[in-house]
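File shown: protein_15.txt. Contents: compact mmCIF, C-alpha atoms and all ligand atoms.
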```
# COMPACT_ATOMS: atom_id res chain seq x y z
CA MET A 1 26.56 -0.47 -19.02
CA ILE A 2 23.45 -1.12 -16.94
CA SER A 3 21.40 -4.27 -17.44
CA GLU A 4 18.51 -4.45 -19.92
CA LYS A 5 16.18 -5.31 -17.05
CA MET A 6 17.14 -2.17 -15.11
CA LYS A 7 16.81 -0.03 -18.25
CA THR A 8 13.16 -1.05 -18.48
CA LEU A 9 12.53 -0.58 -14.76
CA VAL A 10 14.19 2.86 -14.70
CA ALA A 11 12.11 3.97 -17.70
CA GLY A 12 8.95 2.74 -15.93
CA SER A 13 9.62 4.72 -12.76
CA SER A 14 10.83 7.95 -14.34
CA ALA A 15 7.40 9.68 -14.33
CA ILE A 16 7.15 9.82 -10.53
CA ARG A 17 10.81 10.76 -10.17
CA ALA A 18 10.37 13.54 -12.72
CA MET A 19 7.38 14.83 -10.77
CA PHE A 20 9.44 14.88 -7.57
CA GLU A 21 12.18 16.85 -9.33
CA ASP A 22 9.60 19.23 -10.84
CA GLY A 23 8.22 19.82 -7.36
CA VAL A 24 11.65 20.81 -6.05
CA ARG A 25 12.19 23.10 -9.07
CA LEU A 26 8.79 24.79 -8.70
CA ALA A 27 9.28 25.27 -4.95
CA GLN A 28 12.60 27.02 -5.62
CA LYS A 29 11.01 29.27 -8.23
CA TYR A 30 7.69 30.16 -6.57
CA GLY A 31 8.31 29.35 -2.88
CA ALA A 32 7.31 26.06 -1.25
CA GLU A 33 4.08 27.61 0.10
CA ASN A 34 2.92 28.32 -3.46
CA VAL A 35 3.34 24.76 -4.71
CA PHE A 36 0.58 22.28 -3.82
CA ASP A 37 2.22 18.89 -3.70
CA PHE A 38 -0.35 16.07 -3.58
CA SER A 39 1.93 13.58 -5.27
CA LEU A 40 3.43 11.44 -2.51
CA GLY A 41 1.92 9.09 0.06
CA ASN A 42 4.32 10.42 2.67
CA PRO A 43 2.38 10.97 5.93
CA ASN A 44 2.37 14.59 7.03
CA LEU A 45 1.73 13.51 10.63
CA GLU A 46 4.37 12.97 13.28
CA PRO A 47 4.54 9.42 14.65
CA PRO A 48 2.68 9.12 17.98
CA GLU A 49 4.81 10.34 20.90
CA SER A 50 4.82 6.78 22.27
CA VAL A 51 6.89 5.63 19.27
CA ARG A 52 9.64 8.14 19.97
CA GLN A 53 9.56 7.14 23.63
CA ALA A 54 9.67 3.45 22.69
CA VAL A 55 12.83 3.98 20.63
CA ILE A 56 14.45 5.80 23.55
CA ASP A 57 13.35 3.09 25.99
CA VAL A 58 14.69 0.30 23.78
CA LEU A 59 18.06 1.98 23.56
CA ALA A 60 18.12 2.60 27.31
CA GLU A 61 16.78 -0.76 28.49
CA ASP A 62 18.07 -3.48 26.24
CA SER A 63 21.61 -4.74 25.89
CA PRO A 64 23.49 -3.50 22.78
CA THR A 65 23.84 -7.05 21.47
CA LEU A 66 20.12 -7.55 21.75
CA VAL A 67 19.29 -4.29 19.97
CA HIS A 68 22.01 -4.16 17.36
CA GLY A 69 22.98 -7.76 16.67
CA TYR A 70 22.09 -10.22 13.93
CA MET A 71 19.12 -12.42 14.70
CA ASP A 72 16.84 -15.05 13.18
CA ASN A 73 16.17 -13.77 9.63
CA CYS A 74 12.43 -13.81 10.42
CA GLY A 75 12.93 -11.36 13.29
CA TYR A 76 13.08 -11.46 17.09
CA PRO A 77 10.93 -14.37 18.36
CA ASP A 78 9.48 -12.35 21.26
CA VAL A 79 8.54 -9.47 18.92
CA ARG A 80 6.88 -11.88 16.47
CA GLN A 81 4.94 -13.47 19.33
CA LYS A 82 3.67 -10.05 20.47
CA VAL A 83 2.64 -9.18 16.90
CA ALA A 84 0.78 -12.51 16.58
CA GLU A 85 -1.01 -11.96 19.90
CA SER A 86 -2.06 -8.47 18.88
CA ILE A 87 -3.54 -9.85 15.62
CA ASN A 88 -5.32 -12.60 17.60
CA ARG A 89 -6.82 -10.07 20.02
CA ARG A 90 -8.16 -7.94 17.20
CA PHE A 91 -9.31 -10.51 14.68
CA GLY A 92 -10.15 -13.60 16.73
CA THR A 93 -7.38 -15.65 15.12
CA ALA A 94 -4.91 -18.11 16.71
CA PHE A 95 -1.48 -17.26 15.29
CA SER A 96 1.92 -17.60 16.96
CA LYS A 97 5.42 -16.28 16.30
CA ASP A 98 5.87 -19.04 13.71
CA ASN A 99 3.30 -17.30 11.50
CA ILE A 100 5.04 -13.91 11.56
CA VAL A 101 8.06 -12.76 9.55
CA MET A 102 9.29 -9.23 10.25
CA THR A 103 9.99 -7.38 7.00
CA VAL A 104 11.53 -4.23 5.59
CA GLY A 105 8.17 -2.49 5.17
CA ALA A 106 5.35 -3.71 2.94
CA ALA A 107 7.60 -3.43 -0.13
CA GLY A 108 10.18 -5.75 1.42
CA GLY A 109 7.47 -8.21 2.43
CA LEU A 110 5.87 -8.28 -1.03
CA ASN A 111 9.21 -8.83 -2.75
CA VAL A 112 10.01 -11.66 -0.34
CA ILE A 113 6.69 -13.43 -0.82
CA PHE A 114 6.76 -12.93 -4.62
CA ASN A 115 10.24 -14.47 -4.78
CA THR A 116 9.16 -17.28 -2.49
CA LEU A 117 6.11 -18.31 -4.47
CA MET A 118 6.72 -17.46 -8.13
CA ASN A 119 8.80 -19.09 -10.85
CA PRO A 120 9.86 -17.08 -13.90
CA GLY A 121 6.80 -16.65 -16.15
CA ASP A 122 4.30 -17.18 -13.31
CA GLU A 123 1.51 -14.67 -12.96
CA VAL A 124 0.31 -12.39 -10.21
CA ILE A 125 -3.11 -10.89 -10.86
CA THR A 126 -4.26 -7.68 -9.23
CA PHE A 127 -7.10 -5.21 -9.75
CA ALA A 128 -6.68 -1.88 -11.54
CA PRO A 129 -6.09 0.73 -10.39
CA TYR A 130 -3.12 -0.63 -8.43
CA PHE A 131 0.08 0.59 -6.74
CA GLY A 132 2.45 0.94 -9.71
CA GLU A 133 5.43 -0.63 -7.95
CA TYR A 134 3.73 -4.05 -8.06
CA LYS A 135 4.86 -4.36 -11.66
CA SER A 136 8.51 -3.94 -10.69
CA TYR A 137 8.16 -6.35 -7.76
CA ALA A 138 6.86 -8.99 -10.20
CA ALA A 139 9.67 -8.19 -12.65
CA ASN A 140 12.21 -8.66 -9.83
CA CYS A 141 11.42 -12.37 -9.85
CA HIS A 142 10.79 -12.58 -13.60
CA ALA A 143 7.07 -13.03 -13.02
CA VAL A 144 4.30 -11.14 -14.81
CA LEU A 145 1.77 -8.75 -13.31
CA LYS A 146 -1.68 -8.84 -14.88
CA ALA A 147 -4.42 -6.40 -13.95
CA VAL A 148 -8.17 -6.94 -13.99
CA PRO A 149 -9.63 -3.82 -15.65
CA ALA A 150 -11.17 -1.31 -13.24
CA ASP A 151 -14.87 -1.20 -12.55
CA THR A 152 -14.92 2.60 -12.53
CA SER A 153 -18.50 2.81 -11.23
CA SER A 154 -17.41 1.63 -7.75
CA PHE A 155 -13.72 0.63 -7.98
CA GLN A 156 -14.69 -2.62 -6.26
CA PRO A 157 -12.94 -5.72 -7.67
CA ASN A 158 -14.52 -7.18 -10.78
CA LEU A 159 -14.64 -10.88 -9.89
CA ALA A 160 -16.24 -12.00 -13.15
CA GLU A 161 -13.27 -10.56 -15.07
CA LEU A 162 -10.82 -12.05 -12.57
CA GLU A 163 -12.32 -15.49 -13.14
CA LYS A 164 -11.66 -15.22 -16.88
CA MET A 165 -8.02 -14.23 -16.28
CA ILE A 166 -7.02 -16.98 -13.84
CA GLY A 167 -5.05 -19.74 -15.55
CA PRO A 168 -2.50 -22.47 -14.85
CA LYS A 169 0.28 -19.91 -14.35
CA THR A 170 -1.64 -17.84 -11.77
CA ARG A 171 0.27 -18.20 -8.53
CA ILE A 172 -0.87 -15.09 -6.62
CA VAL A 173 -3.97 -12.90 -6.54
CA LEU A 174 -2.94 -9.62 -4.93
CA ILE A 175 -5.43 -7.28 -3.27
CA ASN A 176 -4.93 -3.95 -1.53
CA SER A 177 -7.67 -2.66 0.75
CA PRO A 178 -7.99 0.12 1.87
CA ASN A 179 -6.81 0.84 -1.61
CA ASN A 180 -4.10 3.04 -3.03
CA PRO A 181 -5.15 4.98 -5.14
CA THR A 182 -8.96 4.87 -4.72
CA GLY A 183 -9.47 4.69 -0.93
CA VAL A 184 -12.04 1.93 -1.48
CA ILE A 185 -12.38 -0.85 1.12
CA TYR A 186 -13.39 -4.34 0.03
CA SER A 187 -16.40 -5.60 1.96
CA GLU A 188 -16.62 -8.92 3.82
CA GLU A 189 -19.07 -10.09 1.15
CA THR A 190 -16.49 -9.36 -1.57
CA ILE A 191 -13.75 -11.25 0.30
CA VAL A 192 -16.09 -14.23 0.81
CA SER A 193 -16.98 -14.30 -2.91
CA LEU A 194 -13.34 -13.87 -3.92
CA SER A 195 -12.32 -16.74 -1.62
CA ALA A 196 -15.01 -19.03 -3.03
CA LEU A 197 -13.88 -18.18 -6.57
CA LEU A 198 -10.24 -18.96 -5.75
CA GLU A 199 -11.19 -22.26 -4.06
CA ARG A 200 -13.12 -23.24 -7.16
CA LYS A 201 -10.28 -22.29 -9.50
CA GLN A 202 -7.70 -24.16 -7.44
CA LYS A 203 -9.78 -27.32 -7.71
CA GLU A 204 -10.44 -26.84 -11.42
CA LEU A 205 -6.77 -26.19 -12.28
CA GLY A 206 -5.18 -28.45 -9.65
CA THR A 207 -2.88 -25.61 -8.52
CA ASP A 208 -2.32 -23.52 -5.40
CA ILE A 209 -3.42 -19.91 -5.75
CA TYR A 210 -2.26 -17.71 -2.90
CA LEU A 211 -4.26 -14.62 -1.97
CA VAL A 212 -1.85 -11.90 -0.83
CA ALA A 213 -3.45 -8.96 0.99
CA ASP A 214 -1.23 -5.87 0.91
CA GLU A 215 -2.45 -3.93 3.95
CA PRO A 216 -0.31 -0.89 4.76
CA TYR A 217 -3.53 1.15 5.13
CA ARG A 218 -5.47 -1.34 7.31
CA GLU A 219 -5.66 1.09 10.24
CA LEU A 220 -6.72 4.02 8.05
CA ALA A 221 -10.42 3.18 7.72
CA TYR A 222 -13.02 5.87 8.38
CA ASP A 223 -16.55 5.93 9.76
CA GLY A 224 -15.97 2.69 11.70
CA ILE A 225 -15.79 0.59 8.51
CA GLU A 226 -14.27 -2.85 9.19
CA VAL A 227 -11.53 -4.17 6.92
CA PRO A 228 -12.17 -7.94 6.69
CA TYR A 229 -9.32 -10.23 7.75
CA VAL A 230 -8.61 -12.45 4.76
CA THR A 231 -7.14 -15.42 6.63
CA ARG A 232 -10.56 -16.02 8.19
CA HIS A 233 -12.02 -16.70 4.76
CA TYR A 234 -9.34 -18.41 2.66
CA LYS A 235 -6.77 -21.04 3.62
CA ASN A 236 -4.10 -19.86 1.21
CA ALA A 237 -4.24 -16.21 2.34
CA ILE A 238 -1.12 -14.27 3.34
CA VAL A 239 -1.12 -10.75 4.80
CA GLY A 240 1.58 -8.13 4.19
CA TYR A 241 1.53 -5.33 6.74
CA SER A 242 3.59 -2.21 7.36
CA TRP A 243 3.78 0.50 10.02
CA SER A 244 4.78 3.06 7.36
CA LYS A 245 1.38 4.74 7.36
CA SER A 246 -0.29 3.66 10.62
CA LEU A 247 2.61 4.96 12.73
CA SER A 248 3.96 7.47 10.16
CA LEU A 249 7.27 5.58 9.87
CA PRO A 250 7.82 5.12 6.12
CA GLY A 251 11.53 5.88 6.26
CA GLU A 252 12.14 3.39 9.06
CA ARG A 253 11.19 0.39 6.89
CA ILE A 254 9.32 -1.92 9.22
CA GLY A 255 6.46 -4.35 8.60
CA TYR A 256 5.63 -8.06 8.63
CA LEU A 257 4.26 -10.96 6.64
CA LEU A 258 1.62 -13.14 8.25
CA ILE A 259 1.70 -16.70 6.90
CA PRO A 260 -0.94 -18.98 8.45
CA ASP A 261 -0.27 -22.71 9.08
CA SER A 262 -3.15 -23.41 6.70
CA VAL A 263 -1.33 -22.24 3.54
CA ALA A 264 -0.29 -24.94 1.10
CA ASP A 265 3.23 -26.23 1.86
CA PHE A 266 3.44 -24.06 4.98
CA GLU A 267 6.75 -25.43 6.27
CA ASP A 268 8.43 -25.01 2.88
CA VAL A 269 6.98 -21.53 2.42
CA ARG A 270 8.21 -20.46 5.84
CA ALA A 271 11.72 -21.81 5.29
CA ALA A 272 11.85 -20.19 1.85
CA VAL A 273 10.63 -16.83 3.16
CA SER A 274 13.31 -16.86 5.85
CA THR A 275 15.96 -17.56 3.21
CA ALA A 276 14.52 -14.94 0.84
CA VAL A 277 14.69 -12.26 3.56
CA ARG A 278 18.41 -13.01 3.90
CA ILE A 279 19.49 -13.51 0.32
CA MET A 280 17.51 -10.62 -1.13
CA GLY A 281 19.90 -8.51 0.90
CA PHE A 282 17.63 -7.45 3.75
CA VAL A 283 19.12 -10.11 6.11
CA ASN A 284 16.49 -9.10 8.67
CA ALA A 285 14.10 -6.22 9.36
CA PRO A 286 15.67 -3.25 11.22
CA SER A 287 16.33 -4.49 14.75
CA LEU A 288 15.73 -1.27 16.71
CA LEU A 289 12.40 -0.70 14.99
CA GLN A 290 11.29 -4.29 15.61
CA ARG A 291 11.73 -3.77 19.32
CA ALA A 292 10.14 -0.30 19.23
CA VAL A 293 6.96 -1.26 17.31
CA ALA A 294 6.48 -4.23 19.67
CA LYS A 295 5.91 -1.64 22.39
CA CYS A 296 3.37 0.28 20.28
CA LEU A 297 1.14 -2.41 18.83
CA ASP A 298 -2.04 -0.71 19.99
CA GLU A 299 -0.99 2.73 18.75
CA CYS A 300 -2.01 4.54 15.60
CA ALA A 301 -1.44 7.93 14.04
CA ASP A 302 -4.29 10.43 14.40
CA ILE A 303 -6.85 9.15 11.87
CA ASP A 304 -9.07 12.18 12.55
CA PHE A 305 -6.45 14.35 10.89
CA TYR A 306 -6.79 12.44 7.60
CA ASP A 307 -10.54 12.20 7.98
CA LYS A 308 -10.86 15.98 8.21
CA ASN A 309 -8.66 16.34 5.13
CA ARG A 310 -10.79 13.75 3.33
CA LYS A 311 -13.98 15.68 4.01
CA ALA A 312 -12.53 19.10 3.14
CA LEU A 313 -10.94 17.89 -0.09
CA TYR A 314 -13.98 15.92 -1.23
CA GLU A 315 -16.31 18.80 -0.55
CA GLY A 316 -14.02 21.29 -2.29
CA LEU A 317 -13.41 19.15 -5.35
CA THR A 318 -16.99 18.05 -5.91
CA SER A 319 -18.28 21.59 -5.58
CA ALA A 320 -15.70 22.62 -8.20
CA GLY A 321 -17.20 20.02 -10.56
CA TYR A 322 -14.84 17.05 -10.09
CA GLU A 323 -16.17 13.48 -9.90
CA CYS A 324 -14.78 10.98 -7.44
CA VAL A 325 -15.76 7.91 -5.41
CA TYR A 326 -15.85 9.00 -1.75
CA PRO A 327 -12.87 7.23 -0.15
CA GLN A 328 -13.54 4.94 2.82
CA GLY A 329 -9.90 4.56 3.85
CA ALA A 330 -6.21 5.31 3.15
CA PHE A 331 -5.40 8.94 2.27
CA TYR A 332 -5.92 9.12 -1.47
CA MET A 333 -8.67 10.34 -3.77
CA PHE A 334 -8.94 9.04 -7.32
CA VAL A 335 -10.55 11.80 -9.34
CA LYS A 336 -11.91 11.66 -12.88
CA THR A 337 -10.16 14.03 -15.25
CA PRO A 338 -12.35 16.23 -17.46
CA VAL A 339 -10.34 14.96 -20.47
CA ASP A 340 -9.21 11.43 -21.32
CA ASP A 341 -5.53 12.32 -21.35
CA ASP A 342 -4.67 12.23 -17.63
CA LYS A 343 -0.98 12.93 -18.29
CA ALA A 344 -1.79 16.14 -20.17
CA PHE A 345 -4.16 17.09 -17.35
CA CYS A 346 -1.36 16.62 -14.78
CA GLU A 347 1.03 18.68 -16.92
CA ARG A 348 -1.46 21.54 -17.06
CA ALA A 349 -2.16 21.22 -13.31
CA LYS A 350 1.56 21.47 -12.62
CA ASN A 351 2.63 24.11 -15.12
CA ASP A 352 -0.34 26.48 -14.93
CA PHE A 353 -1.63 25.92 -11.39
CA ARG A 354 1.34 24.44 -9.47
CA LEU A 355 -0.72 21.42 -8.45
CA LEU A 356 1.30 18.20 -8.31
CA LEU A 357 -0.92 15.18 -9.00
CA VAL A 358 -0.17 11.64 -10.22
CA PRO A 359 -1.79 10.47 -13.47
CA GLY A 360 -4.12 7.46 -13.13
CA SER A 361 -2.17 5.72 -15.90
CA ALA A 362 0.65 5.23 -13.35
CA PHE A 363 -1.87 2.98 -11.56
CA GLY A 364 -3.06 1.19 -14.70
CA CYS A 365 -6.22 3.33 -15.02
CA SER A 366 -6.07 6.35 -17.30
CA GLY A 367 -8.64 9.16 -17.25
CA TYR A 368 -8.10 9.73 -13.52
CA VAL A 369 -5.60 11.40 -11.19
CA ARG A 370 -4.52 10.43 -7.71
CA ILE A 371 -4.52 13.12 -5.06
CA ALA A 372 -2.68 12.20 -1.84
CA TYR A 373 -4.29 14.12 1.03
CA CYS A 374 -1.70 13.24 3.69
CA VAL A 375 -0.80 16.95 3.57
CA SER A 376 -1.49 19.88 5.90
CA PRO A 377 -5.11 21.11 6.07
CA ASP A 378 -3.71 24.48 5.06
CA THR A 379 -2.38 23.03 1.78
CA ILE A 380 -5.86 21.71 1.00
CA ARG A 381 -7.54 25.01 1.86
CA ARG A 382 -5.12 27.17 -0.12
CA SER A 383 -5.11 24.83 -3.14
CA MET A 384 -8.86 25.03 -3.71
CA PRO A 385 -8.82 28.12 -5.98
CA ALA A 386 -6.17 26.36 -8.11
CA PHE A 387 -8.30 23.18 -8.44
CA LYS A 388 -11.32 25.33 -9.33
CA ALA A 389 -9.40 27.31 -11.96
CA LEU A 390 -7.95 24.09 -13.38
CA MET A 391 -11.44 22.67 -13.91
CA GLU A 392 -12.65 25.98 -15.39
CA SER A 393 -9.77 25.93 -17.84
CA TYR A 394 -11.51 22.88 -19.40
CA THR A 395 -15.15 23.82 -19.00
CA LYS A 396 -15.26 27.56 -19.74
N1 LIG B 1 1.69 -1.12 -1.00
C1 LIG B 1 0.97 -0.02 -1.20
C2 LIG B 1 -0.41 -0.15 -1.72
C3 LIG B 1 1.50 1.24 -0.92
O1 LIG B 1 0.77 2.33 -1.15
C4 LIG B 1 2.84 1.34 -0.43
C5 LIG B 1 3.46 2.64 -0.17
O2 LIG B 1 2.95 3.69 -0.43
C6 LIG B 1 3.54 0.15 -0.24
C7 LIG B 1 2.96 -1.06 -0.53
C8 LIG B 1 4.94 0.17 0.27
O3 LIG B 1 4.89 0.40 1.66
P1 LIG B 1 6.20 0.42 2.56
O4 LIG B 1 6.67 1.83 2.62
O5 LIG B 1 5.76 -0.06 3.89
O6 LIG B 1 7.18 -0.47 1.94
```
Kindly transcribe the structure held in the file into C-alpha cells.
Amino acid sequence: MISEKMKTLVAGSSAIRAMFEDGVRLAQKYGAENVFDFSLGNPNLEPPESVRQAVIDVLAEDSPTLVHGYMDNCGYPDVRQKVAESINRRFGTAFSKDNIVMTVGAAGGLNVIFNTLMNPGDEVITFAPYFGEYKSYAANCHAVLKAVPADTSSFQPNLAELEKMIGPKTRIVLINSPNNPTGVIYSEETIVSLSALLERKQKELGTDIYLVADEPYRELAYDGIEVPYVTRHYKNAIVGYSWSKSLSLPGERIGYLLIPDSVADFEDVRAAVSTAVRIMGFVNAPSLLQRAVAKCLDECADIDFYDKNRKALYEGLTSAGYECVYPQGAFYMFVKTPVDDDKAFCERAKNDFRLLLVPGSAFGCSGYVRIAYCVSPDTIRRSMPAFKALMESYTK
C-alpha cells in the first residue's frame, strides 16, 4: 500500500505523464514525424562540443579517486570557487566557495533549500503561472505553496496582491525569471520594488522572508535583455541555478545554490543545506559533471537556435489568430486558448491535430496553453497548418 502523501502527488502529476504516454502512442500510430510534440522542456540542442571534451578531459586528467570519490556534501571546493568567481565576474559580486553548494539540478537545489528553511505548515508564495512541480517540492517538506493570481495583461508579478498574501507563516517568496511557462523576464525595477516590499514585510512581521530565485533559464534571454541579479537588491536572496538548459544537460542533473553571507542565520543555513543535500539522498551533486561544468563556465548552448524558433512560432501563431505575450527568454510560449477550458482545448489539439501542448491549469493559470519551442525548426514549420486548423475549428 503506498502512502497517502504519494497517492496525492501521483494523482497531481498524472496529466503530464499521460501526455507523454499519449505522445508515444500517437507516434507509433501515425509516425513520429506526424506528431508535433511541444510538451516537454527538453532541449533539442546538443550540448556545446566543449562540454563533451571537458568530460573526456576530466576522465583522462584527474585521478579516479578525485573524479569518482565521495566529497564534501556541498561539492568540490575548487569547483565551487570557480563557480563563485564566474558569478563575480559577470555580476560584480564578491562571493567565494563558501557561498556555493553544488546540487542535483535546479530541482535538487529547490528541494534542499525548501527543506532547510521551512517547517511543516510554513508557506512559500510564488506567482502564477508557475512550474507545477513547485507544489510537490513544498509538499515534500509539508509546507504549502500559495500562488499570487496571474496578471494576464503582462504576466509580470502582481506585487500588490503579493503584499496581501504575505503573513507570519511566509518563509519563502519564489520567483522564476526568465519564466516557465510565459518567457517573461522580471525587470530590475520589479526586483527593486519586490525587495523593498519584502524588507517592509519582514520588519512589520518580525520574521525572515527569503527570496529564492529559480534561474535555470538565466542564460536564455533574447535581444540583449539583462536578467537582474537578485542578491544585489535583497539581503535574504538565494539563487538556484542549473546547467540543464544553458548547456543542454537536463539528464546529467547538475546545478548549484548560491547563498550569500548576508542571508539571515547564514552559518546555520549553510550547515543545514549541507546536511539536507546528504540526508535527502543526493549525498552530493554528480562528481564527474561538477568537474566538467567547471571547465565550461563561460559556455552556453546556441541561443540563436531558440531565438529563431521563438520568432517563427510567434509569427505563425499570431497570424493564425492566437494571442500571446511575446517571450523575452526561456523557450516557452504561453498562448491564450480560444475557449476557457484549456484541458478540452489540449485534448482536441492532440486527438484531432496531433499537437501535444500542456494546459495552463498545470501551471495554475487556466485558459492558456504552454508551447515548448525547444524543438527542431522543422517541427515548428510543419506544425503550422495544424495550429491554424485547430484555431479554425473554434472560429469557423
Ligand atoms: N524550475 C523550472 C522553472 C523549470 O522549468 C525546471 C525544469 O524544466 C526546473 C526548475 C528543474 O530543472 P532541473 O532539470 O535543473 O532540475
field: Surrounding residues as a PyMOL selection string, ligand LIG 1 (chain B), max 7 Å, only C-alpha atoms and all ligand atoms
entry: chain A and resi 41+104-108+131+176+179-180+214+216+242-244+250+253-255
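Take the candidates A:Thr318, A:Ser136, A:Asn99, A:Thr93 and check each one against Val263 in chain A using all atoms listed in the file; the shortest distance goes to A:Asn99.
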query: What is the distance, in Å and to one decimal place, between CA of Ala271 in chain A and CA of Gln81 in chain A?
result: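 Separation between CA of Ala271 in chain A and CA of Gln81 in chain A: 17.7 Å.
The two atoms in question, CA of Ser246 in chain A and CA of Ser50 in chain A, are spaced 13.1 Å apart.
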task: State, in Å with one decimal place, the distance from CA of Arg52 in chain A to CA of Arg291 in chain A.
output: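 CA of Arg52 in chain A sits 12.1 Å away from CA of Arg291 in chain A.
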Test item: residues at most 6 Å from range 353-365 of chain A, all atoms listed in the file, excluding those fewer than 5 positions along its chain, as a VMD selection string: chain A and resid 35 to 39 128 to 132 342 to 343 346 370 to 371 386
- request: Pick out the closest residue to Pro149 in chain A from this set: A:Asp298, A:Asp261, A:Asp341, A:Glu161. Count all atoms listed in the file.
  value: A:Glu161
Neighbours of point (9.4, 18.1, -4.2) within 10 Å, using all atoms listed in the file, written as number ranges by chain: A: 17-28, 32, 35-40, 356
Produce a file of the selected residues containing C-alpha atoms, as a PDB file, keeping the file's coordinate frame.
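Dumped everything to out-v9.pdb:
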```pdb
ATOM      1  CA  ARG A  17      10.810  10.760 -10.170  1.00  0.00           C
ATOM      2  CA  ALA A  18      10.370  13.540 -12.720  1.00  0.00           C
ATOM      3  CA  MET A  19       7.380  14.830 -10.770  1.00  0.00           C
ATOM      4  CA  PHE A  20       9.440  14.880  -7.570  1.00  0.00           C
ATOM      5  CA  GLU A  21      12.180  16.850  -9.330  1.00  0.00           C
ATOM      6  CA  ASP A  22       9.600  19.230 -10.840  1.00  0.00           C
ATOM      7  CA  GLY A  23       8.220  19.820  -7.360  1.00  0.00           C
ATOM      8  CA  VAL A  24      11.650  20.810  -6.050  1.00  0.00           C
ATOM      9  CA  ARG A  25      12.190  23.100  -9.070  1.00  0.00           C
ATOM     10  CA  LEU A  26       8.790  24.790  -8.700  1.00  0.00           C
ATOM     11  CA  ALA A  27       9.280  25.270  -4.950  1.00  0.00           C
ATOM     12  CA  GLN A  28      12.600  27.020  -5.620  1.00  0.00           C
ATOM     13  CA  ALA A  32       7.310  26.060  -1.250  1.00  0.00           C
ATOM     14  CA  VAL A  35       3.340  24.760  -4.710  1.00  0.00           C
ATOM     15  CA  PHE A  36       0.580  22.280  -3.820  1.00  0.00           C
ATOM     16  CA  ASP A  37       2.220  18.890  -3.700  1.00  0.00           C
ATOM     17  CA  PHE A  38      -0.350  16.070  -3.580  1.00  0.00           C
ATOM     18  CA  SER A  39       1.930  13.580  -5.270  1.00  0.00           C
ATOM     19  CA  LEU A  40       3.430  11.440  -2.510  1.00  0.00           C
ATOM     20  CA  LEU A 356       1.300  18.200  -8.310  1.00  0.00           C
TER      21      LEU A 356
END
```
Sort by chain and increasing residue number a table of all residues of range 155-250 of chain A within 12 Å of range 372-377 of chain A, each with its closest pair of atoms and their distance in Å to one decimal, counting only C-alpha atoms, and write it as JSON lines.
```
{"residue": "A:Asn180", "atom": "CA", "partner": "A:Ala372", "partner_atom": "CA", "distance": 9.3}
{"residue": "A:Pro181", "atom": "CA", "partner": "A:Ala372", "partner_atom": "CA", "distance": 8.3}
{"residue": "A:Thr182", "atom": "CA", "partner": "A:Ala372", "partner_atom": "CA", "distance": 10.1}
{"residue": "A:Gly183", "atom": "CA", "partner": "A:Ala372", "partner_atom": "CA", "distance": 10.2}
{"residue": "A:Leu220", "atom": "CA", "partner": "A:Cys374", "partner_atom": "CA", "distance": 11.4}
{"residue": "A:Lys245", "atom": "CA", "partner": "A:Cys374", "partner_atom": "CA", "distance": 9.8}
{"residue": "A:Ser246", "atom": "CA", "partner": "A:Cys374", "partner_atom": "CA", "distance": 11.9}
{"residue": "A:Ser248", "atom": "CA", "partner": "A:Cys374", "partner_atom": "CA", "distance": 10.4}
```
Taking C-alpha atoms for each residue, export the selection above as a short mmCIF file (atom, residue, chain, number, x, y, z; two decimals), in the frame of the given file.
```
data_model
loop_
_atom_site.label_atom_id
_atom_site.label_comp_id
_atom_site.auth_asym_id
_atom_site.auth_seq_id
_atom_site.Cartn_x
_atom_site.Cartn_y
_atom_site.Cartn_z
CA ASN A 180 -4.10 3.04 -3.03
CA PRO A 181 -5.15 4.98 -5.14
CA THR A 182 -8.96 4.87 -4.72
CA GLY A 183 -9.47 4.69 -0.93
CA LEU A 220 -6.72 4.02 8.05
CA LYS A 245 1.38 4.74 7.36
CA SER A 246 -0.29 3.66 10.62
CA SER A 248 3.96 7.47 10.16
#
```
